[in-house]
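Listing of structure04.pdb, PDB, C-alpha atoms, pLDDT in the B column
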```
MODEL        1
ATOM      1  CA  MET W1036      -2.269  -3.479  12.403  1.00 44.00           C
ATOM      2  CA  SER W1037      -2.690  -6.182  15.019  1.00 45.00           C
ATOM      3  CA  GLU W1038      -3.086  -9.129  12.636  1.00 58.00           C
ATOM      4  CA  ILE W1039       0.070 -11.115  11.868  1.00 64.00           C
ATOM      5  CA  ILE W1040       0.758 -11.146   8.140  1.00 70.00           C
ATOM      6  CA  LYS W1041       1.717 -14.590   6.864  1.00 84.00           C
ATOM      7  CA  ILE W1042       3.245 -13.282   3.654  1.00 90.00           C
ATOM      8  CA  GLU W1043       6.985 -12.709   3.325  1.00 93.00           C
ATOM      9  CA  PRO W1044       8.067 -10.700   0.268  1.00 95.00           C
ATOM     10  CA  LEU W1045      11.260 -11.873  -1.422  1.00 95.00           C
ATOM     11  CA  GLY W1046      14.187  -9.795  -2.656  1.00 96.00           C
ATOM     12  CA  ILE W1047      13.406  -6.130  -3.291  1.00 96.00           C
ATOM     13  CA  ARG W1048       9.633  -6.474  -2.891  1.00 96.00           C
ATOM     14  CA  VAL W1049       7.451  -4.833  -0.263  1.00 97.00           C
ATOM     15  CA  LEU W1050       3.922  -5.668   0.832  1.00 96.00           C
ATOM     16  CA  ILE W1051       1.627  -2.633   1.057  1.00 96.00           C
ATOM     17  CA  LYS W1052      -1.864  -2.243   2.536  1.00 94.00           C
ATOM     18  CA  PRO W1053      -3.412   0.451   0.306  1.00 92.00           C
ATOM     19  CA  LEU W1054      -5.152   3.288   2.128  1.00 86.00           C
ATOM     20  CA  GLU W1055      -8.568   3.717   0.567  1.00 72.00           C
ATOM     21  CA  GLN W1056      -9.870   7.054  -0.650  1.00 60.00           C
ATOM     22  CA  GLU W1057     -12.708   8.662   1.281  1.00 57.00           C
ATOM     23  CA  SER W1058     -16.144   7.767  -0.067  1.00 58.00           C
ATOM     24  CA  GLN W1059     -17.460  11.283   0.562  1.00 58.00           C
ATOM     25  CA  THR W1060     -16.085  14.576  -0.755  1.00 59.00           C
ATOM     26  CA  SER W1061     -15.487  17.569   1.504  1.00 65.00           C
ATOM     27  CA  SER W1062     -18.742  19.079   0.212  1.00 71.00           C
ATOM     28  CA  GLY W1063     -20.704  15.983   1.257  1.00 67.00           C
ATOM     29  CA  ILE W1064     -21.133  14.223  -2.093  1.00 67.00           C
ATOM     30  CA  PHE W1065     -20.862  10.432  -1.850  1.00 64.00           C
ATOM     31  CA  LEU W1066     -18.658   8.804  -4.489  1.00 58.00           C
ATOM     32  CA  PRO W1067     -19.573   5.417  -5.964  1.00 58.00           C
ATOM     33  CA  GLU W1068     -16.839   2.770  -6.090  1.00 56.00           C
ATOM     34  CA  THR W1069     -16.472   3.257  -9.850  1.00 57.00           C
ATOM     35  CA  ALA W1070     -15.670   6.982  -9.437  1.00 51.00           C
ATOM     36  CA  LYS W1071     -12.928   6.534  -6.851  1.00 52.00           C
ATOM     37  CA  GLU W1072      -9.336   6.897  -7.964  1.00 57.00           C
ATOM     38  CA  LYS W1073      -6.848   4.104  -7.503  1.00 65.00           C
ATOM     39  CA  PRO W1074      -5.043   4.609  -4.159  1.00 69.00           C
ATOM     40  CA  GLN W1075      -1.472   5.892  -4.258  1.00 89.00           C
ATOM     41  CA  THR W1076      -0.739   5.755  -0.553  1.00 93.00           C
ATOM     42  CA  GLY W1077      -0.406   2.805   1.743  1.00 94.00           C
ATOM     43  CA  LEU W1078       1.096   1.238   4.828  1.00 95.00           C
ATOM     44  CA  VAL W1079       4.154  -1.015   4.544  1.00 96.00           C
ATOM     45  CA  VAL W1080       3.249  -4.301   6.270  1.00 95.00           C
ATOM     46  CA  ALA W1081       6.235  -6.470   5.251  1.00 95.00           C
ATOM     47  CA  ILE W1082       9.530  -6.042   3.411  1.00 95.00           C
ATOM     48  CA  GLY W1083      11.767  -8.372   1.446  1.00 95.00           C
ATOM     49  CA  ASP W1084      15.207  -9.575   2.476  1.00 94.00           C
ATOM     50  CA  ASP W1085      17.267  -7.220   0.269  1.00 93.00           C
ATOM     51  CA  GLU W1086      19.436  -4.922   2.390  1.00 91.00           C
ATOM     52  CA  ASP W1087      18.986  -1.980  -0.022  1.00 90.00           C
ATOM     53  CA  ILE W1088      15.309  -1.519   0.932  1.00 93.00           C
ATOM     54  CA  ASN W1089      15.058   1.835   2.706  1.00 92.00           C
ATOM     55  CA  VAL W1090      11.509   1.679   4.090  1.00 95.00           C
ATOM     56  CA  LYS W1091      10.375  -0.031   7.271  1.00 95.00           C
ATOM     57  CA  VAL W1092       7.246  -1.843   8.383  1.00 95.00           C
ATOM     58  CA  ASN W1093       4.536   0.672   9.435  1.00 95.00           C
ATOM     59  CA  ASP W1094       5.873   3.445   7.152  1.00 96.00           C
ATOM     60  CA  ASN W1095       3.191   5.357   5.252  1.00 96.00           C
ATOM     61  CA  VAL W1096       4.329   5.650   1.647  1.00 96.00           C
ATOM     62  CA  LEU W1097       3.384   7.197  -1.678  1.00 95.00           C
ATOM     63  CA  PHE W1098       3.770   4.879  -4.670  1.00 94.00           C
ATOM     64  CA  GLU W1099       3.247   4.977  -8.424  1.00 91.00           C
ATOM     65  CA  LYS W1100      -0.418   4.843  -9.434  1.00 86.00           C
ATOM     66  CA  TYR W1101      -0.515   1.687 -11.573  1.00 88.00           C
ATOM     67  CA  THR W1102       2.153  -0.481 -10.010  1.00 91.00           C
ATOM     68  CA  GLY W1103       2.426  -3.749  -8.168  1.00 93.00           C
ATOM     69  CA  THR W1104       0.340  -6.873  -8.057  1.00 95.00           C
ATOM     70  CA  GLU W1105      -3.022  -6.526  -6.326  1.00 93.00           C
ATOM     71  CA  PHE W1106      -4.392  -9.487  -4.394  1.00 93.00           C
ATOM     72  CA  LYS W1107      -6.660 -10.343  -1.459  1.00 92.00           C
ATOM     73  CA  PHE W1108      -5.533 -12.284   1.593  1.00 90.00           C
ATOM     74  CA  ASN W1109      -7.943 -13.108   4.448  1.00 88.00           C
ATOM     75  CA  GLY W1110     -10.447 -10.653   2.981  1.00 89.00           C
ATOM     76  CA  GLU W1111      -7.987  -7.701   2.916  1.00 90.00           C
ATOM     77  CA  SER W1112      -6.557  -6.045  -0.209  1.00 91.00           C
ATOM     78  CA  TYR W1113      -2.774  -5.812  -0.602  1.00 94.00           C
ATOM     79  CA  LEU W1114      -0.201  -4.724  -3.177  1.00 95.00           C
ATOM     80  CA  LEU W1115       3.092  -6.520  -3.718  1.00 96.00           C
ATOM     81  CA  MET W1116       5.590  -4.258  -5.487  1.00 96.00           C
ATOM     82  CA  ASP W1117       9.271  -3.538  -5.958  1.00 96.00           C
ATOM     83  CA  TYR W1118      10.541  -1.031  -3.421  1.00 95.00           C
ATOM     84  CA  THR W1119      11.791   1.080  -6.341  1.00 95.00           C
ATOM     85  CA  ASP W1120       8.129   1.873  -7.176  1.00 95.00           C
ATOM     86  CA  ILE W1121       7.810   3.714  -3.853  1.00 96.00           C
ATOM     87  CA  LEU W1122       8.170   7.431  -4.503  1.00 95.00           C
ATOM     88  CA  ALA W1123       8.260   8.852  -0.969  1.00 96.00           C
ATOM     89  CA  ARG W1124       7.782   8.168   2.713  1.00 95.00           C
ATOM     90  CA  LEU W1125       4.895  10.221   4.155  1.00 93.00           C
ATOM     91  CA  LEU W1126       5.831  11.915   7.424  1.00 91.00           C
ATOM     92  CA  ASP W1127       3.321  12.858  10.125  1.00 78.00           C
TER      93      ASP W1127
ENDMDL
END
```

What does this structure look like when you write it as structure tokens?
Amino acid sequence: MSEIIKIEPLGIRVLIKPLEQESQTSSGIFLPETAKEKPQTGLVVAIGDDEDINVKVNDNVLFEKYTGTEFKFNGESYLLMDYTDILARLLD
């Protein structure tokens, strides 16, 4: 992500850029927006100042399905959530 994020989470919060689900299935069927599931994976773009946070910027993570506060900033969708709602770090 080349854009500088001008949002600084406080405390135990992390800022996540959700990774959107594919709009086409493996068999070639296109999914409408209303049929897509809520994303559960994302990229950490900023972390709070609590020293107990054990993820880093640019980590791909798996988080709970209905967690965090969704908002848009400069036309991009983000989630602000407690780091305790992150379930796992996704490794390459």

Distance query 10 Å from (6.5, 3.3, -3.1) using only C-alpha atoms, result as a PyMOL selection string: chain W and resi 1049+1051+1075-1079+1090+1095-1100+1102-1103+1116-1124

Residue nearest Ala1081 of chain W - candidates W:Leu1114, W:Tyr1101, W:Lys1107, W:Leu1125, atoms counted: all atoms listed in the file: W:Leu1114

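Picture a line from atom CA of Glu1055 of chain W to atom CA of Glu1043 of chain W; it runs 22.8 Å.
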
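On the file presented, the PyMOL selection byres ((chain W and resi 1042) around 12) picks out Glu1038, Ile1039, Ile1040, Lys1041, Glu1043, Pro1044, Leu1045, Arg1048, Val1049, Leu1050, Ile1051, Val1080, Ala1081, Ile1082, Gly1083, Phe1106, Lys1107, Phe1108, Asn1109, Tyr1113, Leu1114 and Leu1115 of chain W.
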
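A straight line drawn from atom CA of Ile1047 of chain W to atom CA of Glu1086 of chain W is 8.4 Å long.
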
Can you tell me, as AutoDock Vina command-line options, the centre and edge lengths (Å, one decimal) of the axis-aligned box enclosing all of segment 1040-1054 of chain W's listed atoms after padding each side by 3 Å?
```
--center_x 4.5 --center_y -5.7 --center_z 2.4 --size_x 25.3 --size_y 23.9 --size_z 17.4
```

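Here atom CA of Asp1127 of chain W stands at a distance of 26.2 Å from atom CA of Glu1105 of chain W.
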